[in-house]
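Note sheet for the following structure.
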Amino acid sequence: QRMTDVKTRHLNRDGMKIAYTVIDPHHSKEIPLVLVMGLSGVKEDWLPFSTILAEKRPVLVFDNRGIGESDLPDDLWTVEDMALDTLALVDHLNWVQFHLFGASLGGAIAQKIANLAPERIVTLILCCTFGVNSDVPPIAELQTVMGENLSPFEATKKLLSINYTPTWIEADPKRFDDVVRKKITFKRKKLGIIKQSMSLQGFDGSHLSRLSKDVPTLIIHGDQDGMVPLSAGQSLHKKLPWARFQIMKEMGHLLWEMDPNGLAKISQDHMAAKEIKSKL
């Protein structure tokens with residue numbers, strides 16, 4: 001089941017439209033999984049990782065506010081607002097409990113969801129993310145691309161080059177160009193991206209002490225992440241010492257694109273371990 005075969009639906013949340021899709025080819029009765037995307041990412045960017053995981057369970061993917069087919073509100077918003085958007089979707093689907101996977105900015109959102117509703121989260125996976133916004137250095141390329149008058153292809157190519165490893169790009173330049181071409185077909189408004197990045201301003205780590213040790217947590221990071229450095233993942237792990245920490249070797253920021261099968265296996269094993277324990 002490709003995602004193009006799956007209908008995009010919309011939730012009206014206080015007059016703001018949030019676009020989402022549930023991938024569930026086998027009408028699974030397993031505990032569902034919520035994937036929370038990072039800065040400037042759209043729900044289609046999860047492919048094929050999302051469909052691999054949907055072989056085992058229903059998977060929710062959606063466009064965060066400000067991007068893709070979701071609305072771009074006039075006002076600024078916070079990470080917690082995006083966490084509440086996610087919970088509104090899960091409520092709308094009547095999912096009482098769920099596994100939660102957040103990547104990059106989505107990992108920050110997932111931490112806030114875990115603060116707001118710990119009893120609903122069966123397992124938590126924090127991928128290529130951080131616990132404090134100051135752990136992430138400003139990306140020079142992001143500033144220049146926002147300021148420069150580049151074609152959409154060149155701007156996207158420049159930004160994406162930080163998200164993979166040079167080795168991955170050089171191994172197959174045509175593959176990289178194809179990825180860029182595919183990505184520019186989706187709506188990514190510059191203002192939406194700027195507002196999403198501004199949502200992190202108050203993300204100061206004060207929430208970390210309230211994360212529950214009862215939620216089995218896995219932190220995953222690529223050792224060559226050029227966007228959110230490995231040190232940010234290590235710092236997050238220090239704050240959450242009960243979490244498992246796994247480094248993926250020779251991997252950049254977009255782990256789910258560079259090694260979808262490998263990341264899906266690690267994620268699936270983490271979710272299954274908790275599910276097996278629950279059934280015993």
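How things are named: the first chain in the structure tokens is A, the next is B, and so on; residues count from 1 in each chain; ligands count from 1 in the order shown.
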Residues of region 54-156 of chain A that approach region 231-237 of chain A to 6 Å or less, counting only C-alpha atoms: could you list each one with the shortest pair of atoms and its distance in Å to one decimal, rows by chain and increasing residue number, as a Markdown table?
| residue | atom | partner | partner_atom | distance |
| --- | --- | --- | --- | --- |
| A:Phe130 | CA | A:Ala232 | CA | 5.2 |
| A:Gly131 | CA | A:Leu236 | CA | 5.2 |
| A:Asp135 | CA | A:Ala232 | CA | 5.3 |
Given the selection you just returned, output its residues as a file containing N, CA, C and O atoms, formatted as a PDB file, in the first residue's frame.
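So out.pdb came out as:
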ATOM      1  N   PHE A 130      16.774  16.628  20.477  1.00  0.00           N
ATOM      2  CA  PHE A 130      17.467  17.385  21.518  1.00  0.00           C
ATOM      3  C   PHE A 130      16.491  17.694  22.644  1.00  0.00           C
ATOM      4  O   PHE A 130      15.275  17.648  22.453  1.00  0.00           O
ATOM      5  N   GLY A 131      17.019  18.002  23.821  1.00  0.00           N
ATOM      6  CA  GLY A 131      16.166  18.325  24.963  1.00  0.00           C
ATOM      7  C   GLY A 131      16.116  19.814  25.272  1.00  0.00           C
ATOM      8  O   GLY A 131      15.261  20.272  26.024  1.00  0.00           O
ATOM      9  N   ASP A 135      21.141  23.349  22.505  1.00  0.00           N
ATOM     10  CA  ASP A 135      22.063  22.261  22.116  1.00  0.00           C
ATOM     11  C   ASP A 135      22.221  22.152  20.602  1.00  0.00           C
ATOM     12  O   ASP A 135      23.043  21.390  20.106  1.00  0.00           O
TER      13      ASP A 135
END
List every residue of region 30-260 of chain A that DSSP, applied to the backbone of this structure, places in alpha helix (DSSP H), and write the result as a ChimeraX atom specification.
/A:49-53,79-92,105-116,140-147,152-161,166-171,173-183,190-198,230-239,255-258,260
Exercise for the section: Could you tell me how far CA of Pro260 (chain A) lies from CA of Met248 (chain A), in Å and to one decimal? Expected result: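 Between these atoms lies a distance of 11.9 Å.
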Give me the residues near Ser199 (chain A) as a PDB file with C-alpha atoms, in the first residue's frame, where near means some atom within 7 Å (using only C-alpha atoms) and where sequence neighbours in that chain fewer than 6 positions away do not count.
ATOM      1  CA  TRP A  77       2.875  29.200  18.196  1.00  0.00           C
ATOM      2  CA  THR A  78       4.877  27.019  20.586  1.00  0.00           C
ATOM      3  CA  VAL A  79       6.122  23.429  20.640  1.00  0.00           C
TER       4      VAL A  79
END
When you look at Leu72 (chain A) with a cut-off of 10 Å (counting only C-alpha atoms), what residues show up, excluding the ones that are within fewer than 6 positions of it in the same chain? I need them as a tab-separated table (two decimals) with N, CA, C and O atoms, in the first residue's frame.
chain	number	residue	atom	x	y	z
A	16	MET	N	-8.61	25.68	12.55
A	16	MET	CA	-7.35	25.40	11.84
A	16	MET	C	-7.39	23.97	11.31
A	16	MET	O	-7.69	23.05	12.04
A	17	LYS	N	-7.06	23.83	10.03
A	17	LYS	CA	-7.13	22.51	9.38
A	17	LYS	C	-5.79	21.79	9.55
A	17	LYS	O	-4.74	22.35	9.24
A	18	ILE	N	-5.86	20.54	10.04
A	18	ILE	CA	-4.65	19.71	10.14
A	18	ILE	C	-4.84	18.50	9.23
A	18	ILE	O	-5.81	17.74	9.39
A	64	ASN	N	2.42	18.96	10.35
A	64	ASN	CA	2.35	19.92	11.45
A	64	ASN	C	1.78	21.25	10.95
A	64	ASN	O	1.86	21.55	9.75
A	65	ARG	N	1.23	22.04	11.85
A	65	ARG	CA	0.72	23.35	11.45
A	65	ARG	C	1.84	24.14	10.74
A	65	ARG	O	3.01	24.06	11.10
A	66	GLY	N	1.43	24.86	9.69
A	66	GLY	CA	2.38	25.71	8.98
A	66	GLY	C	3.01	25.07	7.76
A	66	GLY	O	3.76	25.71	7.02
A	189	LYS	N	5.86	26.28	2.81
A	189	LYS	CA	5.91	27.74	2.77
A	189	LYS	C	7.05	28.25	3.65
A	189	LYS	O	7.20	27.80	4.79
A	191	LEU	N	7.33	31.01	5.22
A	191	LEU	CA	6.84	31.59	6.47
A	191	LEU	C	6.48	30.50	7.48
A	191	LEU	O	6.71	30.63	8.69
A	192	GLY	N	5.93	29.40	6.98
A	192	GLY	CA	5.59	28.27	7.85
A	192	GLY	C	6.83	27.68	8.50
A	192	GLY	O	6.85	27.37	9.69
A	193	ILE	N	7.90	27.57	7.70
A	193	ILE	CA	9.15	27.01	8.22
A	193	ILE	C	9.76	27.95	9.27
A	193	ILE	O	10.22	27.52	10.33
A	195	LYS	N	8.14	30.10	11.15
A	195	LYS	CA	7.32	30.05	12.38
A	195	LYS	C	7.52	28.74	13.14
A	195	LYS	O	7.54	28.74	14.37
A	196	GLN	N	7.70	27.64	12.40
A	196	GLN	CA	8.00	26.37	13.08
A	196	GLN	C	9.31	26.48	13.86
A	196	GLN	O	9.39	26.04	15.01
- region 23-151 of chain A: residues DSSP assigns to strand (DSSP E), reported as a VMD selection string: chain A and resid 23 33 to 36 59 to 62 98 to 103 121 to 127
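For the set A:Cys128, A:Met258, A:Leu53, A:Ile219, the residue with the smallest atom-to-atom gap to His26 (chain A) is A:Leu53, counting only C-alpha atoms.
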